[in-house]
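J.: Let me begin by handing over the structure; questions about it come next.
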Number of protein chains: 2
Amino acid sequence: MSSKHGSSPSAGAFDLKAYLTQRTAAVDKALHGLLPPAKTRPATIHKAMRYSLFAGGKRLRPALCLAAAEACGGAIDQAMPLACAVECVHTYSLIHDDLPAMDNDDLRRGKPTNHKVFGEGIAILAGDGLLTEAFAIAANCRGWPRYSHRVIINELAQAAGSRELIAGQVADLEGEGRKLSAAQLKYIHEKKTSALLCCSVRLGGMSANCSTAQLRALTDFGYNVGLAFQIIDDILDVTQTSEQLGKTAGKDTAAEKATYPSIVGMEKSRVIAMQLTARAFRALDFFKGKARALEALAEYLLQRDR
Amino acid sequence: MSSKHGSSPSAGAFDLKAYLTQRTAAVDKALHGLLPPAKTRPATIHKAMRYSLFAGGKRLRPALCLAAAEACGGAIDQAMPLACAVECVHTYSLIHDDLPAMDNDDLRRGKPTNHKVFGEGIAILAGDGLLTEAFAIAANCRGWPRYSHRVIINELAQAAGSRELIAGQVADLEGEGRKLSAAQLKYIHEKKTSALLCCSVRLGGMSANCSTAQLRALTDFGYNVGLAFQIIDDILDVTQTSEQLGKTAGKDTAAEKATYPSIVGMEKSRVIAMQLTARAFRALDFFKGKARALEALAEYLLQRDR
């Protein structure tokens with residue numbers, strides 16, 4: 001794939017596995033330090049928050065955030081609070097989405113979902129706690145004249161808010177059992193997935209005091225990778241077993257949820273995902289080979305099998 | 001009451017009703033402008049958010065926030081985003097507390113609760129949306145060198161977070177049906193009520209670039225008024241009908257929830273509430289008569305009958 005877009009001829013040599021291992025460890029360490037210790041009173045809520053936050057998530061959003069900061073010449077340390085904030089928002093949204101009143105899912109990343117372990121009341125509050133913590137953590141980032149704390153908090157709140165991330169879950173809920181058009185499904189995917197992925201790379205750029213042109217390239221990249229990522233998720237739900245996925249497979253079909261394969265067919269779904277990824281790569285051309293990690297992450301997102 | 005503490009001999013002349021009417025109208029107008037319009041796609045979530053936000057709340061926390069700003073010589077306009085943010089947090093917490101998995105309440109302010117109208121899934125998301133919006137709104141306040149956006153967002157996130165507001169709801173959930181000590185009940189009240197009331201006046205002070213000594217006085221005031229307020233709530237739950245309260249009366253008793261009257265008795269509960277209010281008034285002595293609105297609000301909170 002990297003030879004096609006040509007911006008970094010040696011991209012194949014990038015050791016993504018080592019990169020991700022290192023980044024995941026750094027993010028985990030930072031999250032451990034930022035979240036209240038599990039024994040903090042009342043212990044139940046802090047155990048519940050940590051249960052989902054450290055349940056083996058791939059830390060893709062933090063990795064994208066940190067990689068975006070690097071692509072703009074920024075320091076990992078300055079992007080870290082934002083990478084952690086984004087992961088807290090992501091985890092909160094998973095906890096709430098899994099609730100019986102929403103997707104009613106029993107498994108997540110191969111483990112019982114939060115409400116299965118702690119009960120619905122605590123699961124709702126654990127999500128609330130992580131969402132709130134995200135803003136406390138984000139407020140600790142370094143600000144710049146162009147990207148002040150005001151701008152950064154607004155960026156996170158907009159992506160997580162009722163016009164983006166929450167809008168996606170609402171549309172998803174309202175779409176269950178209905179026949180959706182491809183456009184309606186795209187709307188859901190944009191809101192549920194692209195919004196926060198896009199926010200992750202934008203915040204990474206902002207932490208590095210990126211130029212307006214860099215921010216535009218990151219936005220373009222994040223939007224397209226996000227959409228591709230969600231289409232892959234739809235495809236894997238059909239083609240993989242629960243064991244392979246670490247979550248209940250075939251759930252979308254069972255819940256009569258619209259998916260790309262069910263609306264446009266499997267082959268076309270794969271083609272669209274490829275096209276979106278190609279667009280994402282083109283956006284990275286702007287960085288003239290300095291966005292190696294972002295390129296490798298995009299390849300990984302398209303080629304993953306779970 | 002005002003003659004007892006003596007800090008403002010003419011406090012009786014303060015027209016609290018007119019003050020509250022004016023402030024409530026100003027806060028409502030600001031909230032209308034700050035929240036996404038009800039027609040914003042997806043309309044369901046924005047209708048649900050607005051349903052609870054404009055369900056006749058007394059706007060006590062915003063009023064306290066604005067009054068604290070005034071006591072410190074600040075401008076209403078600069079405190080308004082923080083007053084609105086606090087009200088969004090308060091409303092989100094009510095929506096989630098009313099859910100079947102929590103207090104399972106059907107009525108709030110005389111109207112069906114959010115999940116009764118919109119369903120549990122949307123109610124959870126409407127709460128999430130209001131909590132997120134609170135941070136977007138708070139980020140739009142004016143910052144100062146001493147009270148930067150970083151400090152202000154942290155203040156709100158701490159008060160709303162898993163060690164304060166959410167901790168209170170967790171302890172409340174875990175305490176149901178159990179025999180609590182007076183100390184445990186005090187913990188719940190501190191977290192569920194004092195934390196956000198205290199935050200409201202502190203944020204008002206911060207918006208006015210208050211001195212450290214002023215902030216300390218406001219903290220002392222907010223903490224004591226908050227505790228008194230919650231004890232009054234407990235008392236009213238026993239002594240008033242649902243119609244008078246605009247919510248289900250006798251609920252605490254029915255749910256076997258510990259209350260001040262059930263643990264220390266009705267008369268002692270009244271005495272404690274009076275003592276706390278006296279402490280709150282003493283804190284206001286610091287403002288040498290410039291905290292007239294705060295004094296009047298504290299009297300109102302103690303003497304209210306619903």
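Going through the structure tokens in order, the chains are called A, B, and so on, while each chain numbers its residues from 1 and the ligands are numbered from 1 in the order shown.
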Can you work out which residues from chain A touch chain B at a cut-off of 8 Å (counting only C-alpha atoms) and hand them back as a ChimeraX atom specification?

T.: /A:40-42,44-46,96,101-102,120-122,124-126,128-129,131-133,135-136,139-140,149-151,153-154,157-158,160-163,166-167,170-171,173

J.: Please return, as an NGL selection string, all residues of segment 8-195 of chain B that DSSP assigns to strand (DSSP E or B) on the basis of the backbone.

T.: :B and (107-108 or 111-112)

J.: Please determine, counting only C-alpha atoms, which residue among A:Gly205, A:Asp77, A:Cys210, A:Lys58 has the shortest atom-to-atom distance to Thr91 of chain A.

T.: A:Lys58

J.: Give me the residues within 7 Å of Ala273 of chain B as a short mmCIF file (atom, residue, chain, number, x, y, z; two decimals) with N, CA, C and O atoms, in the first residue's frame, counting only C-alpha atoms and dropping any in the same chain fewer than 4 places off.

T.:
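After the write, result-v3.cif holds the following:
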data_model
loop_
_atom_site.label_atom_id
_atom_site.label_comp_id
_atom_site.auth_asym_id
_atom_site.auth_seq_id
_atom_site.Cartn_x
_atom_site.Cartn_y
_atom_site.Cartn_z
N ALA B 228 -26.90 22.18 54.44
CA ALA B 228 -28.20 22.60 54.99
C ALA B 228 -29.30 22.32 53.98
O ALA B 228 -30.36 21.78 54.31
N ILE B 231 -30.30 18.69 53.90
CA ILE B 231 -31.04 18.27 55.10
C ILE B 231 -32.49 18.74 54.99
O ILE B 231 -33.43 18.00 55.31
N ILE B 232 -32.67 19.96 54.50
CA ILE B 232 -34.03 20.48 54.28
C ILE B 232 -34.78 19.57 53.30
O ILE B 232 -35.97 19.27 53.48
N SER B 269 -32.62 17.47 63.17
CA SER B 269 -32.34 17.80 61.76
C SER B 269 -32.55 19.28 61.52
O SER B 269 -31.73 19.93 60.85
N THR B 277 -26.64 26.91 58.40
CA THR B 277 -26.95 28.19 57.76
C THR B 277 -26.27 29.34 58.49
O THR B 277 -25.76 30.27 57.86
#

J.: Taking into account only C-alpha atoms, which residue in the set A:Ala83, A:Ile263, A:Cys72, A:Ala18 is nearest to Gln184 of chain A?

T.: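 The shortest atom-to-atom distance to Gln184 of chain A comes from A:Ile263.
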
J.: Pick out the residues sitting within 7 Å of Val86 of chain A, and hand them over as a short mmCIF file (atom, residue, chain, number, x, y, z; two decimals) with N, CA, C and O atoms, in the first residue's frame; count only C-alpha atoms, and ignore anything fewer than 5 positions along from it in its own chain.

T.:
data_model
loop_
_atom_site.label_atom_id
_atom_site.label_comp_id
_atom_site.auth_asym_id
_atom_site.auth_seq_id
_atom_site.Cartn_x
_atom_site.Cartn_y
_atom_site.Cartn_z
N ARG A 61 -6.80 5.30 19.39
CA ARG A 61 -7.00 6.75 19.37
C ARG A 61 -5.81 7.49 20.01
O ARG A 61 -5.31 8.47 19.43
N PRO A 62 -5.36 7.05 21.19
CA PRO A 62 -4.15 7.68 21.73
C PRO A 62 -2.96 7.56 20.78
O PRO A 62 -2.20 8.53 20.61
N ALA A 134 -12.07 12.93 31.56
CA ALA A 134 -11.46 13.29 30.28
C ALA A 134 -11.21 14.80 30.21
O ALA A 134 -10.15 15.24 29.73
N SER A 200 -8.95 12.96 17.64
CA SER A 200 -7.70 12.45 18.22
C SER A 200 -6.49 13.01 17.48
O SER A 200 -5.53 13.47 18.11
#

J.: Rounded to one decimal in Å, what is the spacing between atom CA of Asp106 of chain B and atom CA of Asp237 of chain B?

T.: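 Interatomic distance here is 15.4 Å.
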